[in-house]
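Structure data follow from entry.pdb (PDB, N, CA and C atoms):
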```pdb
ATOM      1  N   MET Z   1      16.699  -1.115  12.564
ATOM      2  CA  MET Z   1      16.470  -0.897  11.155
ATOM      3  C   MET Z   1      17.245  -1.924  10.323
ATOM      4  N   GLU Z   2      18.413  -2.277  10.782
ATOM      5  CA  GLU Z   2      19.238  -3.249  10.067
ATOM      6  C   GLU Z   2      18.565  -4.625  10.021
ATOM      7  N   SER Z   3      17.874  -4.979  11.103
ATOM      8  CA  SER Z   3      17.199  -6.279  11.146
ATOM      9  C   SER Z   3      16.015  -6.342  10.183
ATOM     10  N   ALA Z   4      15.452  -5.213   9.832
ATOM     11  CA  ALA Z   4      14.324  -5.178   8.900
ATOM     12  C   ALA Z   4      14.786  -5.106   7.445
ATOM     13  N   LEU Z   5      16.049  -4.751   7.231
ATOM     14  CA  LEU Z   5      16.543  -4.594   5.865
ATOM     15  C   LEU Z   5      16.715  -5.932   5.152
ATOM     16  N   LYS Z   6      17.241  -6.926   5.852
ATOM     17  CA  LYS Z   6      17.504  -8.216   5.202
ATOM     18  C   LYS Z   6      16.225  -8.890   4.692
ATOM     19  N   PRO Z   7      15.163  -9.005   5.499
ATOM     20  CA  PRO Z   7      13.930  -9.589   4.964
ATOM     21  C   PRO Z   7      13.371  -8.809   3.772
ATOM     22  N   PHE Z   8      13.487  -7.481   3.831
ATOM     23  CA  PHE Z   8      13.031  -6.665   2.710
ATOM     24  C   PHE Z   8      13.813  -7.007   1.449
ATOM     25  N   ARG Z   9      15.119  -7.091   1.560
ATOM     26  CA  ARG Z   9      15.947  -7.379   0.385
ATOM     27  C   ARG Z   9      15.613  -8.747  -0.208
ATOM     28  N   VAL Z  10      15.476  -9.734   0.656
ATOM     29  CA  VAL Z  10      15.153 -11.087   0.182
ATOM     30  C   VAL Z  10      13.801 -11.078  -0.524
ATOM     31  N   LEU Z  11      12.805 -10.476   0.096
ATOM     32  CA  LEU Z  11      11.468 -10.464  -0.497
ATOM     33  C   LEU Z  11      11.425  -9.634  -1.766
ATOM     34  N   ALA Z  12      12.203  -8.571  -1.855
ATOM     35  CA  ALA Z  12      12.228  -7.776  -3.090
ATOM     36  C   ALA Z  12      12.718  -8.634  -4.256
ATOM     37  N   TYR Z  13      13.759  -9.426  -4.027
ATOM     38  CA  TYR Z  13      14.256 -10.304  -5.088
ATOM     39  C   TYR Z  13      13.270 -11.420  -5.410
ATOM     40  N   VAL Z  14      12.691 -12.014  -4.397
ATOM     41  CA  VAL Z  14      11.731 -13.106  -4.621
ATOM     42  C   VAL Z  14      10.518 -12.592  -5.392
ATOM     43  N   VAL Z  15       9.973 -11.465  -4.971
ATOM     44  CA  VAL Z  15       8.805 -10.904  -5.641
ATOM     45  C   VAL Z  15       9.160 -10.505  -7.077
ATOM     46  N   GLY Z  16      10.338  -9.936  -7.267
ATOM     47  CA  GLY Z  16      10.762  -9.566  -8.619
ATOM     48  C   GLY Z  16      10.879 -10.768  -9.533
ATOM     49  N   CYS Z  17      11.488 -11.825  -9.041
ATOM     50  CA  CYS Z  17      11.628 -13.048  -9.850
ATOM     51  C   CYS Z  17      10.275 -13.686 -10.123
ATOM     52  N   MET Z  18       9.425 -13.740  -9.108
ATOM     53  CA  MET Z  18       8.099 -14.322  -9.302
ATOM     54  C   MET Z  18       7.273 -13.499 -10.294
ATOM     55  N   LEU Z  19       7.455 -12.185 -10.281
ATOM     56  CA  LEU Z  19       6.725 -11.337 -11.220
ATOM     57  C   LEU Z  19       7.185 -11.595 -12.648
ATOM     58  N   LEU Z  20       8.477 -11.810 -12.842
ATOM     59  CA  LEU Z  20       8.974 -12.130 -14.181
ATOM     60  C   LEU Z  20       8.425 -13.475 -14.661
ATOM     61  N   ILE Z  21       8.400 -14.449 -13.762
ATOM     62  CA  ILE Z  21       7.827 -15.752 -14.118
ATOM     63  C   ILE Z  21       6.336 -15.601 -14.427
ATOM     64  N   LEU Z  22       5.664 -14.762 -13.646
ATOM     65  CA  LEU Z  22       4.237 -14.534 -13.877
ATOM     66  C   LEU Z  22       3.997 -13.874 -15.237
ATOM     67  N   CYS Z  23       4.873 -12.977 -15.645
ATOM     68  CA  CYS Z  23       4.731 -12.356 -16.970
ATOM     69  C   CYS Z  23       4.842 -13.399 -18.074
ATOM     70  N   VAL Z  24       5.806 -14.308 -17.938
ATOM     71  CA  VAL Z  24       5.931 -15.396 -18.907
ATOM     72  C   VAL Z  24       4.674 -16.261 -18.887
ATOM     73  N   ALA Z  25       4.180 -16.534 -17.702
ATOM     74  CA  ALA Z  25       2.970 -17.351 -17.567
ATOM     75  C   ALA Z  25       1.763 -16.680 -18.222
ATOM     76  N   MET Z  26       1.659 -15.362 -18.118
ATOM     77  CA  MET Z  26       0.543 -14.649 -18.735
ATOM     78  C   MET Z  26       0.650 -14.677 -20.259
ATOM     79  N   VAL Z  27       1.864 -14.591 -20.776
ATOM     80  CA  VAL Z  27       2.049 -14.705 -22.226
ATOM     81  C   VAL Z  27       1.631 -16.099 -22.685
ATOM     82  N   LEU Z  28       2.032 -17.107 -21.925
ATOM     83  CA  LEU Z  28       1.635 -18.475 -22.270
ATOM     84  C   LEU Z  28       0.122 -18.652 -22.188
ATOM     85  N   ARG Z  29      -0.487 -18.036 -21.178
ATOM     86  CA  ARG Z  29      -1.928 -18.196 -20.981
ATOM     87  C   ARG Z  29      -2.739 -17.510 -22.084
ATOM     88  N   TYR Z  30      -2.456 -16.233 -22.297
ATOM     89  CA  TYR Z  30      -3.281 -15.463 -23.222
ATOM     90  C   TYR Z  30      -2.772 -15.499 -24.659
ATOM     91  N   GLY Z  31      -1.493 -15.759 -24.834
ATOM     92  CA  GLY Z  31      -0.949 -15.814 -26.187
ATOM     93  C   GLY Z  31      -1.032 -17.190 -26.807
ATOM     94  N   PHE Z  32      -0.896 -18.217 -25.978
ATOM     95  CA  PHE Z  32      -0.836 -19.576 -26.499
ATOM     96  C   PHE Z  32      -1.897 -20.508 -25.912
ATOM     97  N   GLY Z  33      -2.783 -19.965 -25.094
ATOM     98  CA  GLY Z  33      -3.881 -20.750 -24.547
ATOM     99  C   GLY Z  33      -3.468 -21.824 -23.557
ATOM    100  N   ASN Z  34      -2.349 -21.617 -22.859
ATOM    101  CA  ASN Z  34      -1.863 -22.600 -21.881
ATOM    102  C   ASN Z  34      -1.899 -21.965 -20.483
ATOM    103  N   PRO Z  35      -2.968 -22.183 -19.720
ATOM    104  CA  PRO Z  35      -3.103 -21.522 -18.419
ATOM    105  C   PRO Z  35      -2.409 -22.238 -17.251
ATOM    106  N   ALA Z  36      -1.748 -23.347 -17.493
ATOM    107  CA  ALA Z  36      -1.213 -24.169 -16.396
ATOM    108  C   ALA Z  36      -0.232 -23.399 -15.514
ATOM    109  N   LEU Z  37       0.751 -22.743 -16.120
ATOM    110  CA  LEU Z  37       1.779 -22.057 -15.330
ATOM    111  C   LEU Z  37       1.207 -20.879 -14.550
ATOM    112  N   SER Z  38       0.280 -20.158 -15.158
ATOM    113  CA  SER Z  38      -0.279 -18.996 -14.456
ATOM    114  C   SER Z  38      -1.149 -19.405 -13.272
ATOM    115  N   LYS Z  39      -1.786 -20.572 -13.353
ATOM    116  CA  LYS Z  39      -2.601 -21.042 -12.233
ATOM    117  C   LYS Z  39      -1.743 -21.355 -11.010
ATOM    118  N   ILE Z  40      -0.501 -21.703 -11.240
ATOM    119  CA  ILE Z  40       0.427 -21.998 -10.143
ATOM    120  C   ILE Z  40       1.138 -20.726  -9.681
ATOM    121  N   THR Z  41       1.614 -19.949 -10.641
ATOM    122  CA  THR Z  41       2.465 -18.800 -10.349
ATOM    123  C   THR Z  41       1.698 -17.628  -9.734
ATOM    124  N   ALA Z  42       0.504 -17.355 -10.205
ATOM    125  CA  ALA Z  42      -0.250 -16.186  -9.738
ATOM    126  C   ALA Z  42      -0.500 -16.201  -8.230
ATOM    127  N   PRO Z  43      -1.000 -17.295  -7.652
ATOM    128  CA  PRO Z  43      -1.215 -17.262  -6.195
ATOM    129  C   PRO Z  43       0.079 -17.215  -5.397
ATOM    130  N   ILE Z  44       1.129 -17.832  -5.924
ATOM    131  CA  ILE Z  44       2.417 -17.791  -5.221
ATOM    132  C   ILE Z  44       2.950 -16.366  -5.211
ATOM    133  N   HIS Z  45       2.902 -15.704  -6.372
ATOM    134  CA  HIS Z  45       3.355 -14.312  -6.430
ATOM    135  C   HIS Z  45       2.504 -13.437  -5.499
ATOM    136  N   GLY Z  46       1.189 -13.655  -5.501
ATOM    137  CA  GLY Z  46       0.309 -12.873  -4.631
ATOM    138  C   GLY Z  46       0.645 -13.045  -3.161
ATOM    139  N   GLY Z  47       0.933 -14.275  -2.764
ATOM    140  CA  GLY Z  47       1.316 -14.528  -1.368
ATOM    141  C   GLY Z  47       2.619 -13.851  -0.996
ATOM    142  N   PHE Z  48       3.612 -13.998  -1.874
ATOM    143  CA  PHE Z  48       4.895 -13.344  -1.607
ATOM    144  C   PHE Z  48       4.758 -11.830  -1.620
ATOM    145  N   TYR Z  49       3.889 -11.297  -2.482
ATOM    146  CA  TYR Z  49       3.692  -9.851  -2.528
ATOM    147  C   TYR Z  49       3.082  -9.342  -1.225
ATOM    148  N   MET Z  50       2.158 -10.087  -0.654
ATOM    149  CA  MET Z  50       1.578  -9.689   0.628
ATOM    150  C   MET Z  50       2.650  -9.647   1.727
ATOM    151  N   ILE Z  51       3.519 -10.646   1.730
ATOM    152  CA  ILE Z  51       4.616 -10.663   2.712
ATOM    153  C   ILE Z  51       5.567  -9.498   2.447
ATOM    154  N   TYR Z  52       5.812  -9.202   1.173
ATOM    155  CA  TYR Z  52       6.650  -8.064   0.788
ATOM    156  C   TYR Z  52       6.071  -6.762   1.342
ATOM    157  N   LEU Z  53       4.764  -6.601   1.240
ATOM    158  CA  LEU Z  53       4.127  -5.393   1.767
ATOM    159  C   LEU Z  53       4.358  -5.248   3.264
ATOM    160  N   VAL Z  54       4.295  -6.358   3.985
ATOM    161  CA  VAL Z  54       4.535  -6.323   5.433
ATOM    162  C   VAL Z  54       5.987  -5.945   5.725
ATOM    163  N   THR Z  55       6.925  -6.493   4.952
ATOM    164  CA  THR Z  55       8.338  -6.164   5.199
ATOM    165  C   THR Z  55       8.635  -4.708   4.859
ATOM    166  N   VAL Z  56       7.980  -4.179   3.816
ATOM    167  CA  VAL Z  56       8.157  -2.758   3.489
ATOM    168  C   VAL Z  56       7.611  -1.897   4.618
ATOM    169  N   MET Z  57       6.458  -2.268   5.129
ATOM    170  CA  MET Z  57       5.850  -1.515   6.227
ATOM    171  C   MET Z  57       6.745  -1.554   7.465
ATOM    172  N   ASN Z  58       7.281  -2.727   7.762
ATOM    173  CA  ASN Z  58       8.170  -2.877   8.909
ATOM    174  C   ASN Z  58       9.417  -1.999   8.758
ATOM    175  N   LEU Z  59      10.054  -2.086   7.609
ATOM    176  CA  LEU Z  59      11.254  -1.285   7.369
ATOM    177  C   LEU Z  59      10.926   0.197   7.340
ATOM    178  N   GLY Z  60       9.833   0.544   6.684
ATOM    179  CA  GLY Z  60       9.446   1.948   6.584
ATOM    180  C   GLY Z  60       9.136   2.581   7.925
ATOM    181  N   MET Z  61       8.509   1.827   8.811
ATOM    182  CA  MET Z  61       8.218   2.363  10.143
ATOM    183  C   MET Z  61       9.501   2.545  10.953
ATOM    184  N   LYS Z  62      10.408   1.579  10.842
ATOM    185  CA  LYS Z  62      11.668   1.696  11.568
ATOM    186  C   LYS Z  62      12.547   2.799  11.014
ATOM    187  N   ALA Z  63      12.514   2.996   9.685
ATOM    188  CA  ALA Z  63      13.333   4.026   9.052
ATOM    189  C   ALA Z  63      12.639   5.391   9.045
ATOM    190  N   ARG Z  64      11.382   5.424   9.499
ATOM    191  CA  ARG Z  64      10.589   6.657   9.559
ATOM    192  C   ARG Z  64      10.416   7.297   8.175
ATOM    193  N   TRP Z  65      10.016   6.462   7.207
ATOM    194  CA  TRP Z  65       9.749   6.962   5.866
ATOM    195  C   TRP Z  65       8.401   7.657   5.836
ATOM    196  N   SER Z  66       8.244   8.546   4.856
ATOM    197  CA  SER Z  66       6.935   9.162   4.643
ATOM    198  C   SER Z  66       6.010   8.123   3.995
ATOM    199  N   TRP Z  67       4.708   8.325   4.135
ATOM    200  CA  TRP Z  67       3.743   7.393   3.549
ATOM    201  C   TRP Z  67       3.840   7.349   2.030
ATOM    202  N   PRO Z  68       4.019   8.486   1.340
ATOM    203  CA  PRO Z  68       4.153   8.405  -0.121
ATOM    204  C   PRO Z  68       5.393   7.608  -0.557
ATOM    205  N   TYR Z  69       6.498   7.759   0.154
ATOM    206  CA  TYR Z  69       7.700   6.993  -0.190
ATOM    207  C   TYR Z  69       7.452   5.503   0.043
ATOM    208  N   MET Z  70       6.831   5.181   1.168
ATOM    209  CA  MET Z  70       6.537   3.782   1.473
ATOM    210  C   MET Z  70       5.604   3.183   0.423
ATOM    211  N   ALA Z  71       4.620   3.941  -0.015
ATOM    212  CA  ALA Z  71       3.702   3.461  -1.056
ATOM    213  C   ALA Z  71       4.442   3.229  -2.368
ATOM    214  N   GLY Z  72       5.390   4.094  -2.684
ATOM    215  CA  GLY Z  72       6.190   3.910  -3.892
ATOM    216  C   GLY Z  72       7.021   2.642  -3.843
ATOM    217  N   VAL Z  73       7.603   2.364  -2.680
ATOM    218  CA  VAL Z  73       8.383   1.138  -2.516
ATOM    219  C   VAL Z  73       7.460  -0.076  -2.619
ATOM    220  N   MET Z  74       6.276   0.024  -2.064
ATOM    221  CA  MET Z  74       5.317  -1.080  -2.144
ATOM    222  C   MET Z  74       4.920  -1.372  -3.588
ATOM    223  N   LEU Z  75       4.764  -0.336  -4.392
ATOM    224  CA  LEU Z  75       4.387  -0.518  -5.787
ATOM    225  C   LEU Z  75       5.519  -1.112  -6.625
ATOM    226  N   GLY Z  76       6.726  -1.141  -6.065
ATOM    227  CA  GLY Z  76       7.857  -1.723  -6.776
ATOM    228  C   GLY Z  76       7.679  -3.188  -7.109
ATOM    229  N   GLY Z  77       6.823  -3.874  -6.400
ATOM    230  CA  GLY Z  77       6.587  -5.292  -6.658
ATOM    231  C   GLY Z  77       5.519  -5.557  -7.707
ATOM    232  N   THR Z  78       5.036  -4.501  -8.353
ATOM    233  CA  THR Z  78       3.977  -4.670  -9.345
ATOM    234  C   THR Z  78       4.449  -4.445 -10.774
ATOM    235  N   VAL Z  79       5.644  -3.913 -10.952
ATOM    236  CA  VAL Z  79       6.179  -3.628 -12.286
ATOM    237  C   VAL Z  79       7.414  -4.495 -12.500
ATOM    238  N   PRO Z  80       7.460  -5.257 -13.594
ATOM    239  CA  PRO Z  80       8.629  -6.118 -13.828
ATOM    240  C   PRO Z  80       9.939  -5.325 -13.810
ATOM    241  N   PHE Z  81      10.930  -5.868 -13.158
ATOM    242  CA  PHE Z  81      12.286  -5.329 -12.991
ATOM    243  C   PHE Z  81      12.365  -4.156 -12.008
ATOM    244  N   LEU Z  82      11.250  -3.522 -11.676
ATOM    245  CA  LEU Z  82      11.296  -2.359 -10.792
ATOM    246  C   LEU Z  82      11.698  -2.734  -9.370
ATOM    247  N   SER Z  83      11.319  -3.910  -8.899
ATOM    248  CA  SER Z  83      11.653  -4.285  -7.527
ATOM    249  C   SER Z  83      13.164  -4.409  -7.327
ATOM    250  N   PHE Z  84      13.892  -4.802  -8.376
ATOM    251  CA  PHE Z  84      15.347  -4.897  -8.265
ATOM    252  C   PHE Z  84      15.966  -3.509  -8.130
ATOM    253  N   PHE Z  85      15.471  -2.559  -8.910
ATOM    254  CA  PHE Z  85      15.945  -1.175  -8.849
ATOM    255  C   PHE Z  85      15.602  -0.544  -7.498
ATOM    256  N   ILE Z  86      14.364  -0.735  -7.064
ATOM    257  CA  ILE Z  86      13.910  -0.185  -5.777
ATOM    258  C   ILE Z  86      14.736  -0.764  -4.631
ATOM    259  N   GLU Z  87      14.999  -2.068  -4.699
ATOM    260  CA  GLU Z  87      15.773  -2.721  -3.625
ATOM    261  C   GLU Z  87      17.140  -2.064  -3.478
ATOM    262  N   ARG Z  88      17.816  -1.772  -4.582
ATOM    263  CA  ARG Z  88      19.138  -1.140  -4.505
ATOM    264  C   ARG Z  88      19.039   0.257  -3.909
ATOM    265  N   ARG Z  89      18.050   1.030  -4.351
ATOM    266  CA  ARG Z  89      17.896   2.396  -3.834
ATOM    267  C   ARG Z  89      17.590   2.394  -2.340
ATOM    268  N   VAL Z  90      16.688   1.514  -1.927
ATOM    269  CA  VAL Z  90      16.313   1.445  -0.511
ATOM    270  C   VAL Z  90      17.504   0.982   0.327
ATOM    271  N   THR Z  91      18.240  -0.006  -0.158
ATOM    272  CA  THR Z  91      19.403  -0.505   0.580
ATOM    273  C   THR Z  91      20.424   0.606   0.776
ATOM    274  N   ARG Z  92      20.711   1.352  -0.282
ATOM    275  CA  ARG Z  92      21.663   2.475  -0.152
ATOM    276  C   ARG Z  92      21.158   3.517   0.835
ATOM    277  N   ARG Z  93      19.878   3.813   0.771
ATOM    278  CA  ARG Z  93      19.298   4.823   1.665
ATOM    279  C   ARG Z  93      19.386   4.379   3.128
ATOM    280  N   VAL Z  94      19.034   3.122   3.385
ATOM    281  CA  VAL Z  94      19.062   2.623   4.762
ATOM    282  C   VAL Z  94      20.508   2.537   5.267
ATOM    283  N   GLN Z  95      21.419   2.056   4.429
ATOM    284  CA  GLN Z  95      22.822   1.970   4.849
ATOM    285  C   GLN Z  95      23.399   3.359   5.118
ATOM    286  N   ALA Z  96      23.009   4.346   4.327
ATOM    287  CA  ALA Z  96      23.466   5.716   4.574
ATOM    288  C   ALA Z  96      22.905   6.231   5.893
ATOM    289  N   ALA Z  97      21.654   5.932   6.172
ATOM    290  CA  ALA Z  97      21.047   6.355   7.442
ATOM    291  C   ALA Z  97      21.723   5.677   8.623
ATOM    292  N   LEU Z  98      22.053   4.391   8.474
ATOM    293  CA  LEU Z  98      22.757   3.673   9.541
ATOM    294  C   LEU Z  98      24.147   4.248   9.768
ATOM    295  N   ALA Z  99      24.843   4.578   8.691
ATOM    296  CA  ALA Z  99      26.180   5.157   8.813
ATOM    297  C   ALA Z  99      26.122   6.535   9.471
ATOM    298  N   ALA Z 100      25.114   7.316   9.131
ATOM    299  CA  ALA Z 100      24.957   8.630   9.736
ATOM    300  C   ALA Z 100      24.625   8.516  11.224
ATOM    301  N   ALA Z 101      23.858   7.503  11.581
ATOM    302  CA  ALA Z 101      23.490   7.317  12.983
ATOM    303  C   ALA Z 101      24.698   6.882  13.828
ATOM    304  N   GLU Z 102      25.602   6.146  13.209
ATOM    305  CA  GLU Z 102      26.796   5.694  13.930
ATOM    306  C   GLU Z 102      27.817   6.792  14.110
ATOM    307  N   ALA Z 103      27.820   7.746  13.197
ATOM    308  CA  ALA Z 103      28.827   8.834  13.244
ATOM    309  C   ALA Z 103      28.515   9.859  14.281
TER     310      ALA Z 103
END
```

What does this structure look like when you write it as structure tokens?
Amino acid sequence: MESALKPFRVLAYVVGCMLLILCVAMVLRYGFGNPALSKITAPIHGGFYMIYLVTVMNLGMKARWSWPYMAGVMLGGTVPFLSFFIERRVTRRVQAALAAAEA
């Protein structure tokens, strides 16, 4: 479970940052008629989000999460700033489970 936590944490931050950049790009595209940044950022965010989904699935299977909880964590990459909050909660939960398993 510990080996699956690090990729999840990295991807949660990457997806969160890319989503914030994508929000700025959408404002530029639809507010100011400049689609250049969104044409670059949107596919990159989509690719990282797909990898994020795989890392959530990997961690969730190893941690034996319920499907609704796993789906909630997966949706964390779709709302700005939520992935950072979700990452902290998941990290605490996994570390607590690891500590309980060692005791």

Open item on the list: Need the shell around Z:Met57: protein/DNA/RNA residues with any atom at most 12 Å away, counting only C-alpha atoms. Skip same-chain ones fewer than 2 positions apart. Format as a PyMOL selection string?
Closed with: chain Z and resi 1+4-5+7-8+50-55+59-74

TODO: Would you kindly translate the PyMOL selection byres ((chain Z and resi 12) around 8) into the concrete residues it picks from this file, as a list of chain:residue names?
DONE: Z:Lys6, Z:Pro7, Z:Phe8, Z:Arg9, Z:Val10, Z:Leu11, Z:Tyr13, Z:Val14, Z:Val15, Z:Gly16, Z:Cys17, Z:Met18, Z:Ile51, Z:Tyr52, Z:Gly76, Z:Gly77, Z:Leu82, Z:Ser83, Z:Phe84, Z:Ile86, Z:Glu87

TODO: Work out how far apart atom CA of Z:Gly31 and atom CA of Z:Pro80 are and give it in Å to one decimal.
DONE: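 One can read the atom CA of Z:Gly31 to atom CA of Z:Pro80 distance as 18.4 Å.
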
Task: Nearby residues (only N, CA and C atoms) at most 6.5 Å from Z:Leu22, same-chain spacing under 6 positions excluded, as a ChimeraX atom specification - done: /Z:38,41-42

Hey, can you spit out that residue selection with N, CA and C atoms as a short mmCIF file (atom, residue, chain, number, x, y, z; two decimals), keeping the file's coordinate frame?
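File produced: selection-v3.cif:
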```
data_model
loop_
_atom_site.label_atom_id
_atom_site.label_comp_id
_atom_site.auth_asym_id
_atom_site.auth_seq_id
_atom_site.Cartn_x
_atom_site.Cartn_y
_atom_site.Cartn_z
N SER Z 38 0.28 -20.16 -15.16
CA SER Z 38 -0.28 -19.00 -14.46
C SER Z 38 -1.15 -19.40 -13.27
N THR Z 41 1.61 -19.95 -10.64
CA THR Z 41 2.46 -18.80 -10.35
C THR Z 41 1.70 -17.63 -9.73
N ALA Z 42 0.50 -17.36 -10.20
CA ALA Z 42 -0.25 -16.19 -9.74
C ALA Z 42 -0.50 -16.20 -8.23
#
```

- [ ] To verify the selection step, state as number ranges by chain which residues the PyMOL selection byres ((chain Z and resi 37) around 8) yields on this input.
- [x] Z: 21-22, 24-26, 28-29, 34-36, 38-42

How about saving the chosen residues, N, CA and C atoms kept, as a compact mmCIF listing (two decimals), in the coordinates of the input?
```
# COMPACT_ATOMS: atom_id res chain seq x y z
N ILE Z 21 8.40 -14.45 -13.76
CA ILE Z 21 7.83 -15.75 -14.12
C ILE Z 21 6.34 -15.60 -14.43
N LEU Z 22 5.66 -14.76 -13.65
CA LEU Z 22 4.24 -14.53 -13.88
C LEU Z 22 4.00 -13.87 -15.24
N VAL Z 24 5.81 -14.31 -17.94
CA VAL Z 24 5.93 -15.40 -18.91
C VAL Z 24 4.67 -16.26 -18.89
N ALA Z 25 4.18 -16.53 -17.70
CA ALA Z 25 2.97 -17.35 -17.57
C ALA Z 25 1.76 -16.68 -18.22
N MET Z 26 1.66 -15.36 -18.12
CA MET Z 26 0.54 -14.65 -18.74
C MET Z 26 0.65 -14.68 -20.26
N LEU Z 28 2.03 -17.11 -21.92
CA LEU Z 28 1.64 -18.48 -22.27
C LEU Z 28 0.12 -18.65 -22.19
N ARG Z 29 -0.49 -18.04 -21.18
CA ARG Z 29 -1.93 -18.20 -20.98
C ARG Z 29 -2.74 -17.51 -22.08
N ASN Z 34 -2.35 -21.62 -22.86
CA ASN Z 34 -1.86 -22.60 -21.88
C ASN Z 34 -1.90 -21.96 -20.48
N PRO Z 35 -2.97 -22.18 -19.72
CA PRO Z 35 -3.10 -21.52 -18.42
C PRO Z 35 -2.41 -22.24 -17.25
N ALA Z 36 -1.75 -23.35 -17.49
CA ALA Z 36 -1.21 -24.17 -16.40
C ALA Z 36 -0.23 -23.40 -15.51
N SER Z 38 0.28 -20.16 -15.16
CA SER Z 38 -0.28 -19.00 -14.46
C SER Z 38 -1.15 -19.40 -13.27
N LYS Z 39 -1.79 -20.57 -13.35
CA LYS Z 39 -2.60 -21.04 -12.23
C LYS Z 39 -1.74 -21.36 -11.01
N ILE Z 40 -0.50 -21.70 -11.24
CA ILE Z 40 0.43 -22.00 -10.14
C ILE Z 40 1.14 -20.73 -9.68
N THR Z 41 1.61 -19.95 -10.64
CA THR Z 41 2.46 -18.80 -10.35
C THR Z 41 1.70 -17.63 -9.73
N ALA Z 42 0.50 -17.36 -10.20
CA ALA Z 42 -0.25 -16.19 -9.74
C ALA Z 42 -0.50 -16.20 -8.23
```

Open item on the list: Between Z:Leu98, Z:Val27, Z:Leu75, Z:Ile44, which residue has the minimum interatomic distance to Z:Val56, considering only C-alpha atoms?
Closed with: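 Under the stated criterion, the closest residue is Z:Leu75.
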
Task: Separation of atom C of Z:Cys23 from atom C of Z:Phe85, in Å and rounded to one decimal - done: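 Computed distance, atom C of Z:Cys23 to atom C of Z:Phe85, equals 19.8 Å.
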
Would you mind putting all heavy atoms back on stretch 22-27 of chain Z and writing the result as a PDB file, in the frame of the given file?
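Full text of selection_17.pdb as output:
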```pdb
ATOM      1  N   LEU Z  22       5.664 -14.762 -13.646  1.00  0.00           N
ATOM      2  CA  LEU Z  22       4.237 -14.534 -13.877  1.00  0.00           C
ATOM      3  C   LEU Z  22       3.997 -13.874 -15.237  1.00  0.00           C
ATOM      4  O   LEU Z  22       3.016 -14.201 -15.916  1.00  0.00           O
ATOM      5  CB  LEU Z  22       3.649 -13.675 -12.759  1.00  0.00           C
ATOM      6  CG  LEU Z  22       2.145 -13.415 -12.819  1.00  0.00           C
ATOM      7  CD1 LEU Z  22       1.360 -14.720 -12.790  1.00  0.00           C
ATOM      8  CD2 LEU Z  22       1.736 -12.515 -11.672  1.00  0.00           C
ATOM      9  N   CYS Z  23       4.873 -12.977 -15.645  1.00  0.00           N
ATOM     10  CA  CYS Z  23       4.731 -12.356 -16.970  1.00  0.00           C
ATOM     11  C   CYS Z  23       4.842 -13.399 -18.074  1.00  0.00           C
ATOM     12  O   CYS Z  23       4.055 -13.387 -19.030  1.00  0.00           O
ATOM     13  CB  CYS Z  23       5.791 -11.263 -17.156  1.00  0.00           C
ATOM     14  SG  CYS Z  23       5.470  -9.800 -16.177  1.00  0.00           S
ATOM     15  N   VAL Z  24       5.806 -14.308 -17.938  1.00  0.00           N
ATOM     16  CA  VAL Z  24       5.931 -15.396 -18.907  1.00  0.00           C
ATOM     17  C   VAL Z  24       4.674 -16.261 -18.887  1.00  0.00           C
ATOM     18  O   VAL Z  24       4.146 -16.657 -19.940  1.00  0.00           O
ATOM     19  CB  VAL Z  24       7.195 -16.240 -18.614  1.00  0.00           C
ATOM     20  CG1 VAL Z  24       7.229 -17.503 -19.458  1.00  0.00           C
ATOM     21  CG2 VAL Z  24       8.454 -15.415 -18.830  1.00  0.00           C
ATOM     22  N   ALA Z  25       4.180 -16.534 -17.702  1.00  0.00           N
ATOM     23  CA  ALA Z  25       2.970 -17.351 -17.567  1.00  0.00           C
ATOM     24  C   ALA Z  25       1.763 -16.680 -18.222  1.00  0.00           C
ATOM     25  O   ALA Z  25       0.929 -17.365 -18.843  1.00  0.00           O
ATOM     26  CB  ALA Z  25       2.687 -17.622 -16.091  1.00  0.00           C
ATOM     27  N   MET Z  26       1.659 -15.362 -18.118  1.00  0.00           N
ATOM     28  CA  MET Z  26       0.543 -14.649 -18.735  1.00  0.00           C
ATOM     29  C   MET Z  26       0.650 -14.677 -20.259  1.00  0.00           C
ATOM     30  O   MET Z  26      -0.370 -14.804 -20.957  1.00  0.00           O
ATOM     31  CB  MET Z  26       0.485 -13.197 -18.247  1.00  0.00           C
ATOM     32  CG  MET Z  26       0.061 -13.061 -16.804  1.00  0.00           C
ATOM     33  SD  MET Z  26      -1.633 -13.640 -16.582  1.00  0.00           S
ATOM     34  CE  MET Z  26      -1.427 -14.726 -15.223  1.00  0.00           C
ATOM     35  N   VAL Z  27       1.864 -14.591 -20.776  1.00  0.00           N
ATOM     36  CA  VAL Z  27       2.049 -14.705 -22.226  1.00  0.00           C
ATOM     37  C   VAL Z  27       1.631 -16.099 -22.685  1.00  0.00           C
ATOM     38  O   VAL Z  27       0.944 -16.246 -23.703  1.00  0.00           O
ATOM     39  CB  VAL Z  27       3.515 -14.396 -22.622  1.00  0.00           C
ATOM     40  CG1 VAL Z  27       3.783 -14.776 -24.073  1.00  0.00           C
ATOM     41  CG2 VAL Z  27       3.835 -12.931 -22.390  1.00  0.00           C
TER      42      VAL Z  27
END
```
